[in-house]
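Engineer: Pasting a structure below so you can have a look.
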Amino acid sequence: MTFPVIDGGRLLARLDAFAAIGGTPAGGVNRPALSVEDRAARALLAGLGAARGFSVFQDAAANLFLRRAGADNDRPPFLIGSHLDSQPTGGRFDGALGTLAALEVLETLEDNGIVTAGPIELVAWTNEEGSRFSPGAFGSQVHATGAFPSGWQDTLDGNGIRLADELAATLAALPEAIERPLGRPVTGYIELHIEQGPLLERQGALIGVVEGIQGTRWLEVTIAGQVAHAGTTPLAARRDAMAVAAAIIARLQATVMPADADARLTVGRLTLAPGAVNVIPGEVTFSIDLRHPNGDQIDRLETEVAALATEIASSGGCRVSIRRSMDVAPARFDDRLIDIVQGAAEKRAFPSRRMFSGAFHDALFMARLGPAAMIFVPCRDGLSHNETEFVEPHQVIAGAQVLCDATLEAMRVFQSR
Ligand code: HGY
Ligand code: MN
Ligand code: MN
């Protein structure tokens, strides 16, 4: 089997073109899921695919698929891809790299007239980030489970805009896309992504052969106290929701991660009401992002958070309520596919290392449907979810080349049985 060389220049130019959609003055990208910017990126991707003769589909979750036919198109497709939505202060590579590298693979196969046993499809998943609408990995979860998360119609973004309305508008914005049913069988899935951490760079490795992803659980904690006058209310009479929230967050930061090197706890969003300088806050809501490689430990951490929040809230005369807004268990990838990725890196003499992912990805859900694996490339200083996110051109090209080689080998193994 020949393994064609991808067109690195074309891929780098594509990354620049997409980075301009929602591009920020600091050189990052603000392309929230299902926004006008997201729709513009989707339209550009669909247009590029259609121009190469790939058929364009989208499902009810607005997951976008570009399909390249194979010899036998009754076989389930092999999927490669990632996501186009970004964090508000995101980087130009998170998600876009894997999506555009997948397009580069399809075009390289087309340029070289390679006929695969079955079809291959690029997928751009809807709302991987979850920063505008919870939960994250929304599109891949709907694809893998065949159902929308319960209560999803009531989900609002920070401006009170409904997820359901933005989803409908996104579907309508791509009338040329053929509608397809949710959750169809796949032969396998490989996703290229930046590591978003420092390990590869520190060890001088070019390729991360990802063996699995840790679990993630998002909590929304609401503290209810009493709105009162800042000047006339003595300490003993205060039910200060902000003072209680601050005490809870300080105690969590002082205890959770120092006690367990594998645990990750982040408070990334906090809102309070009424928000006046001289009024004691009556209500505070804050997010907790909990992660751990071991699912049981996530349960333990959630129990700890609930107990600690209840104790501190009651001592401050406040009530506390906690709601889960995302919950994905750890996933282990397919050993055969991991070995194929490793083999592809070695064939190109790219230094590689095996590793786990601290970030969640759509591959989490795809691992429930069939063989899945991921390829990482380093990012400068391990920084991501940051506008200065950067990947060297040779690292971009190496990652896409390994994606192309591993995909061809995986299709040979998994699609010709
Ligand atoms: O939050 C995550 O792990 C992913 O980068 N969205
Ligand atoms: Mn991502
Ligand atoms: Mn991300």
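How things are named: the first chain in the structure tokens is A, the next is B, and so on; residues count from 1 in each chain; ligands count from 1 in the order shown.
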If we count only C-alpha atoms, what is near region 251-259 of chain A at a cut-off of 9 Å, once residues fewer than 5 positions away on the same chain are taken out, given as an MDAnalysis selection string?
Structural biologist: chainID A and resid 246 264:266 301 304:305 308
Engineer: If we count only C-alpha atoms, what is near region 1-5 of chain A at a cut-off of 9 Å, once residues fewer than 5 positions away on the same chain are taken out, given as a list of chain:residue names?
Structural biologist: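 The neighbour list is A:Thr108, A:Leu109, A:Asn112, A:Ile114, A:Gln401, A:Cys404, A:Asp405, A:Leu408, A:Glu409, A:Arg412.
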Engineer: If you count only C-alpha atoms, which residues fall within 12 Å of Gly268 (chain A), apart from same-chain ones fewer than 3 positions away, as a PyMOL selection string?
Structural biologist: chain A and resi 131+218-221+249+265+271+285-290+385
Engineer: List as a count of residues only the protein and nucleic acid residues near region 320-323 of chain A, meaning an atom at most 12 Å away when only C-alpha atoms are counted, but skip any in the same chain fewer than 4 places from it.
Structural biologist: 36
Engineer: Using 10 Å as the limit and counting only C-alpha atoms and all ligand atoms, can you tabulate each residue of chain A that touches ligand 2, with its shortest atom-to-atom distance in Å and the two atoms involved, as a tab-separated table?
Structural biologist:
```
residue	atom	partner	partner_atom_place_in_ligand_line	distance
A:Ser82	CA	ligand 2	1 (Mn)	7.3
A:His83	CA	ligand 2	1 (Mn)	6.6
A:Leu84	CA	ligand 2	1 (Mn)	8.5
A:Asp85	CA	ligand 2	1 (Mn)	8.3
A:Ser86	CA	ligand 2	1 (Mn)	7.6
A:Gln87	CA	ligand 2	1 (Mn)	9.0
A:Gly90	CA	ligand 2	1 (Mn)	9.6
A:Gly91	CA	ligand 2	1 (Mn)	9.7
A:Phe93	CA	ligand 2	1 (Mn)	8.3
A:Asp94	CA	ligand 2	1 (Mn)	4.6
A:Gly95	CA	ligand 2	1 (Mn)	4.4
A:Ala96	CA	ligand 2	1 (Mn)	8.1
A:Leu97	CA	ligand 2	1 (Mn)	9.1
A:Gly98	CA	ligand 2	1 (Mn)	8.7
A:Asn127	CA	ligand 2	1 (Mn)	9.8
A:Glu128	CA	ligand 2	1 (Mn)	6.6
A:Glu129	CA	ligand 2	1 (Mn)	6.6
A:Gly136	CA	ligand 2	1 (Mn)	9.9
A:Ala137	CA	ligand 2	1 (Mn)	9.2
A:Leu192	CA	ligand 2	1 (Mn)	9.7
A:His193	CA	ligand 2	1 (Mn)	6.8
A:Ile194	CA	ligand 2	1 (Mn)	7.8
A:Glu195	CA	ligand 2	1 (Mn)	9.3
A:Gln196	CA	ligand 2	1 (Mn)	8.6
A:Ala359	CA	ligand 2	1 (Mn)	7.7
A:Phe360	CA	ligand 2	1 (Mn)	7.6
A:His361	CA	ligand 2	1 (Mn)	6.1
A:Asp362	CA	ligand 2	1 (Mn)	8.2
A:Ser384	CA	ligand 2	1 (Mn)	9.1
A:His385	CA	ligand 2	1 (Mn)	8.8
```
Engineer: Please return as a short mmCIF file (atom, residue, chain, number, x, y, z; two decimals) with all heavy atoms, in the first residue's frame: the residues of region 68-103 of chain A that backbone DSSP assigns to strand (DSSP E).
Structural biologist:
```
data_model
loop_
_atom_site.label_atom_id
_atom_site.label_comp_id
_atom_site.auth_asym_id
_atom_site.auth_seq_id
_atom_site.Cartn_x
_atom_site.Cartn_y
_atom_site.Cartn_z
N ARG A 68 -16.23 10.82 1.39
CA ARG A 68 -15.54 10.41 0.16
C ARG A 68 -15.82 8.94 -0.03
O ARG A 68 -15.52 8.10 0.83
CB ARG A 68 -14.02 10.65 0.27
CG ARG A 68 -13.28 10.27 -0.99
CD ARG A 68 -11.79 10.55 -0.90
NE ARG A 68 -11.12 10.28 -2.16
CZ ARG A 68 -10.51 9.12 -2.45
NH1 ARG A 68 -10.51 8.13 -1.56
NH2 ARG A 68 -9.93 8.94 -3.62
N PHE A 78 -15.22 5.13 7.82
CA PHE A 78 -14.19 5.42 8.82
C PHE A 78 -14.22 6.94 9.02
O PHE A 78 -14.22 7.67 8.04
CB PHE A 78 -12.81 4.96 8.34
CG PHE A 78 -11.81 4.92 9.46
CD1 PHE A 78 -11.61 3.75 10.19
CD2 PHE A 78 -11.09 6.06 9.82
CE1 PHE A 78 -10.71 3.71 11.24
CE2 PHE A 78 -10.20 6.03 10.88
CZ PHE A 78 -10.00 4.85 11.59
N LEU A 79 -14.30 7.39 10.28
CA LEU A 79 -14.43 8.82 10.54
C LEU A 79 -13.12 9.41 11.04
O LEU A 79 -12.42 8.78 11.86
CB LEU A 79 -15.52 9.07 11.59
CG LEU A 79 -16.92 9.44 11.08
CD1 LEU A 79 -17.46 8.37 10.14
CD2 LEU A 79 -17.88 9.70 12.23
N ILE A 80 -12.82 10.61 10.55
CA ILE A 80 -11.69 11.39 11.08
C ILE A 80 -12.17 12.83 11.21
O ILE A 80 -13.02 13.27 10.41
CB ILE A 80 -10.44 11.33 10.16
CG1 ILE A 80 -10.77 11.77 8.73
CG2 ILE A 80 -9.82 9.95 10.17
CD1 ILE A 80 -9.56 11.80 7.79
N GLY A 81 -11.71 13.54 12.22
CA GLY A 81 -12.17 14.92 12.36
C GLY A 81 -11.97 15.43 13.76
O GLY A 81 -11.21 14.86 14.55
N SER A 82 -12.64 16.52 14.08
CA SER A 82 -12.57 17.16 15.40
C SER A 82 -13.68 18.22 15.46
O SER A 82 -14.80 17.92 15.06
CB SER A 82 -11.17 17.77 15.61
OG SER A 82 -10.98 18.16 16.95
N HIS A 83 -13.38 19.43 15.90
CA HIS A 83 -14.45 20.43 16.05
C HIS A 83 -13.98 21.80 15.55
O HIS A 83 -12.78 22.06 15.48
CB HIS A 83 -14.88 20.54 17.52
CG HIS A 83 -13.79 20.95 18.46
ND1 HIS A 83 -13.55 22.26 18.82
CD2 HIS A 83 -12.84 20.22 19.12
CE1 HIS A 83 -12.53 22.32 19.66
NE2 HIS A 83 -12.07 21.10 19.85
#
```
Engineer: For CA of Ile6 (chain A) and CA of Arg348 (chain A), quote the distance in Å rounded to one decimal.
Structural biologist: 12.6 Å
Engineer: Between CA of Gly22 (chain A) and CA of Thr89 (chain A), what is the distance in Å, rounded to a tenth?
Structural biologist: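 CA of Thr89 (chain A) lies at a distance of 10.3 Å from CA of Gly22 (chain A).
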Engineer: Considering only C-alpha atoms, can you say which of A:Thr233, A:Asn294, A:Thr155, A:Thr99 comes closest to Gly130 (chain A)?
Structural biologist: A:Thr155
Engineer: In region 233-341 of chain A, what's alpha helix (DSSP H) per DSSP? Answer as an MDAnalysis selection string?
Structural biologist: chainID A and resid 241:259 295:315 335:341
Engineer: Hey, which of A:Ser325, A:Thr407, A:Gln214, A:Gln297 ends up closest to ligand 1? Count only C-alpha atoms and all ligand atoms.
Structural biologist: A:Gln214
Engineer: Could you tell me how far CA of Thr388 (chain A) lies from CA of Gly28 (chain A), in Å and to one decimal?
Structural biologist: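 Interatomic distance, CA of Thr388 (chain A) to CA of Gly28 (chain A): 6.3 Å.
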Engineer: Could you give me, as a list in words, the residues within 6 Å of region 197-208 of chain A, counting only C-alpha atoms and dropping anything in the same chain fewer than 2 positions from it?
Structural biologist: Glu195, Val210, Pro351, Ser352, Arg353, Arg354, Ile375, Phe376, Val377, Pro378, Asp381 and Gly382 of chain A
Engineer: Please provide the set of residues having any atom within 7 Å of Thr126 (chain A), restricted to only C-alpha atoms, with same-chain residues fewer than 2 positions apart removed, written as a ChimeraX atom specification.
Structural biologist: /A:33,61-63,83,124,128,138-139
Engineer: Which of these residues is nearest to ligand 1, using only C-alpha atoms and all ligand atoms: A:Ala168, A:Ile213, A:Met366, A:Val396?
Structural biologist: A:Ile213
Engineer: Have a look at A:Ser150, A:Gln342, A:Ser357, A:Thr170 and name the one nearest to Thr216 (chain A); count only C-alpha atoms.
Structural biologist: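 Of A:Ser150, A:Gln342, A:Ser357, A:Thr170, the one nearest Thr216 (chain A) is A:Ser357, counting only C-alpha atoms.
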Engineer: For a quick check of understanding, using only C-alpha atoms and all ligand atoms, which of A:Val402, A:Ala19, A:Ala228, A:Val29 has the smallest distance to ligand 3?
Structural biologist: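 Answer, going by the shortest atom-to-atom distance: A:Val29.
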Engineer: Go through A:Ala372, A:His143, A:Pro175, A:Pro88 and flag the residue nearest ligand 1, using only C-alpha atoms and all ligand atoms for the distances.
Structural biologist: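 Ranking A:Ala372, A:His143, A:Pro175, A:Pro88 by distance to ligand 1, first place goes to A:Pro88.
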Engineer: Would you list the contacts of Pro119 (chain A) as number ranges by chain, taking every protein, DNA or RNA residue within 9 Å and counting only C-alpha atoms, but skipping same-chain residues closer than 5 positions in sequence?
Structural biologist: A: 67-79
Engineer: Please save all heavy atoms of the selected residues as a compact mmCIF listing (two decimals), in the first residue's frame.
Structural biologist:
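Contents of part05.txt, as written:
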```
# COMPACT_ATOMS: atom_id res chain seq x y z
N ARG A 67 -18.18 13.32 2.95
CA ARG A 67 -18.01 11.88 2.68
C ARG A 67 -17.29 11.67 1.36
O ARG A 67 -17.66 12.23 0.33
CB ARG A 67 -19.38 11.21 2.62
CG ARG A 67 -19.40 9.72 2.32
CD ARG A 67 -20.82 9.24 2.27
NE ARG A 67 -20.98 7.86 1.85
CZ ARG A 67 -21.07 6.82 2.67
NH1 ARG A 67 -20.97 7.02 4.00
NH2 ARG A 67 -21.22 5.59 2.23
N ARG A 68 -16.23 10.82 1.39
CA ARG A 68 -15.54 10.41 0.16
C ARG A 68 -15.82 8.94 -0.03
O ARG A 68 -15.52 8.10 0.83
CB ARG A 68 -14.02 10.65 0.27
CG ARG A 68 -13.28 10.27 -0.99
CD ARG A 68 -11.79 10.55 -0.90
NE ARG A 68 -11.12 10.28 -2.16
CZ ARG A 68 -10.51 9.12 -2.45
NH1 ARG A 68 -10.51 8.13 -1.56
NH2 ARG A 68 -9.93 8.94 -3.62
N ALA A 69 -16.39 8.62 -1.17
CA ALA A 69 -16.81 7.23 -1.41
C ALA A 69 -15.60 6.30 -1.52
O ALA A 69 -14.49 6.72 -1.86
CB ALA A 69 -17.64 7.17 -2.69
N GLY A 70 -15.87 5.00 -1.24
CA GLY A 70 -14.82 3.98 -1.39
C GLY A 70 -15.29 2.96 -2.41
O GLY A 70 -16.22 3.23 -3.19
N ALA A 71 -14.69 1.80 -2.41
CA ALA A 71 -15.07 0.75 -3.37
C ALA A 71 -16.44 0.20 -3.02
O ALA A 71 -17.31 0.04 -3.86
CB ALA A 71 -14.01 -0.34 -3.35
N ASP A 72 -16.64 -0.07 -1.73
CA ASP A 72 -17.92 -0.63 -1.28
C ASP A 72 -18.55 0.34 -0.29
O ASP A 72 -18.17 0.38 0.88
CB ASP A 72 -17.67 -2.00 -0.61
CG ASP A 72 -18.95 -2.55 0.03
OD1 ASP A 72 -20.01 -1.88 -0.12
OD2 ASP A 72 -18.87 -3.60 0.69
N ASN A 73 -19.54 1.10 -0.75
CA ASN A 73 -20.10 2.16 0.09
C ASN A 73 -21.21 1.71 1.02
O ASN A 73 -21.82 2.53 1.71
CB ASN A 73 -20.52 3.34 -0.79
CG ASN A 73 -19.29 3.95 -1.43
OD1 ASN A 73 -18.37 4.39 -0.73
ND2 ASN A 73 -19.23 3.91 -2.76
N ASP A 74 -21.44 0.39 1.01
CA ASP A 74 -22.38 -0.14 2.01
C ASP A 74 -21.67 -0.37 3.34
O ASP A 74 -22.31 -0.61 4.36
CB ASP A 74 -22.99 -1.46 1.51
CG ASP A 74 -23.87 -1.21 0.28
OD1 ASP A 74 -24.38 -0.06 0.17
OD2 ASP A 74 -24.01 -2.12 -0.56
N ARG A 75 -20.32 -0.32 3.28
CA ARG A 75 -19.60 -0.52 4.55
C ARG A 75 -19.74 0.74 5.41
O ARG A 75 -19.81 1.85 4.87
CB ARG A 75 -18.10 -0.74 4.28
CG ARG A 75 -17.77 -2.05 3.61
CD ARG A 75 -16.28 -2.10 3.28
NE ARG A 75 -15.92 -3.31 2.54
CZ ARG A 75 -15.61 -4.46 3.12
NH1 ARG A 75 -15.63 -4.55 4.45
NH2 ARG A 75 -15.29 -5.52 2.40
N PRO A 76 -19.74 0.61 6.74
CA PRO A 76 -19.78 1.81 7.59
C PRO A 76 -18.53 2.66 7.35
O PRO A 76 -17.45 2.11 7.10
CB PRO A 76 -19.78 1.24 9.01
CG PRO A 76 -20.20 -0.19 8.87
CD PRO A 76 -19.75 -0.63 7.51
N PRO A 77 -18.65 3.96 7.38
CA PRO A 77 -17.50 4.83 7.07
C PRO A 77 -16.46 4.82 8.20
O PRO A 77 -16.77 4.53 9.35
CB PRO A 77 -18.13 6.21 6.96
CG PRO A 77 -19.32 6.15 7.86
CD PRO A 77 -19.83 4.74 7.75
N PHE A 78 -15.22 5.13 7.82
CA PHE A 78 -14.19 5.42 8.82
C PHE A 78 -14.22 6.94 9.02
O PHE A 78 -14.22 7.67 8.04
CB PHE A 78 -12.81 4.96 8.34
CG PHE A 78 -11.81 4.92 9.46
CD1 PHE A 78 -11.61 3.75 10.19
CD2 PHE A 78 -11.09 6.06 9.82
CE1 PHE A 78 -10.71 3.71 11.24
CE2 PHE A 78 -10.20 6.03 10.88
CZ PHE A 78 -10.00 4.85 11.59
N LEU A 79 -14.30 7.39 10.28
CA LEU A 79 -14.43 8.82 10.54
C LEU A 79 -13.12 9.41 11.04
O LEU A 79 -12.42 8.78 11.86
CB LEU A 79 -15.52 9.07 11.59
CG LEU A 79 -16.92 9.44 11.08
CD1 LEU A 79 -17.46 8.37 10.14
CD2 LEU A 79 -17.88 9.70 12.23
```
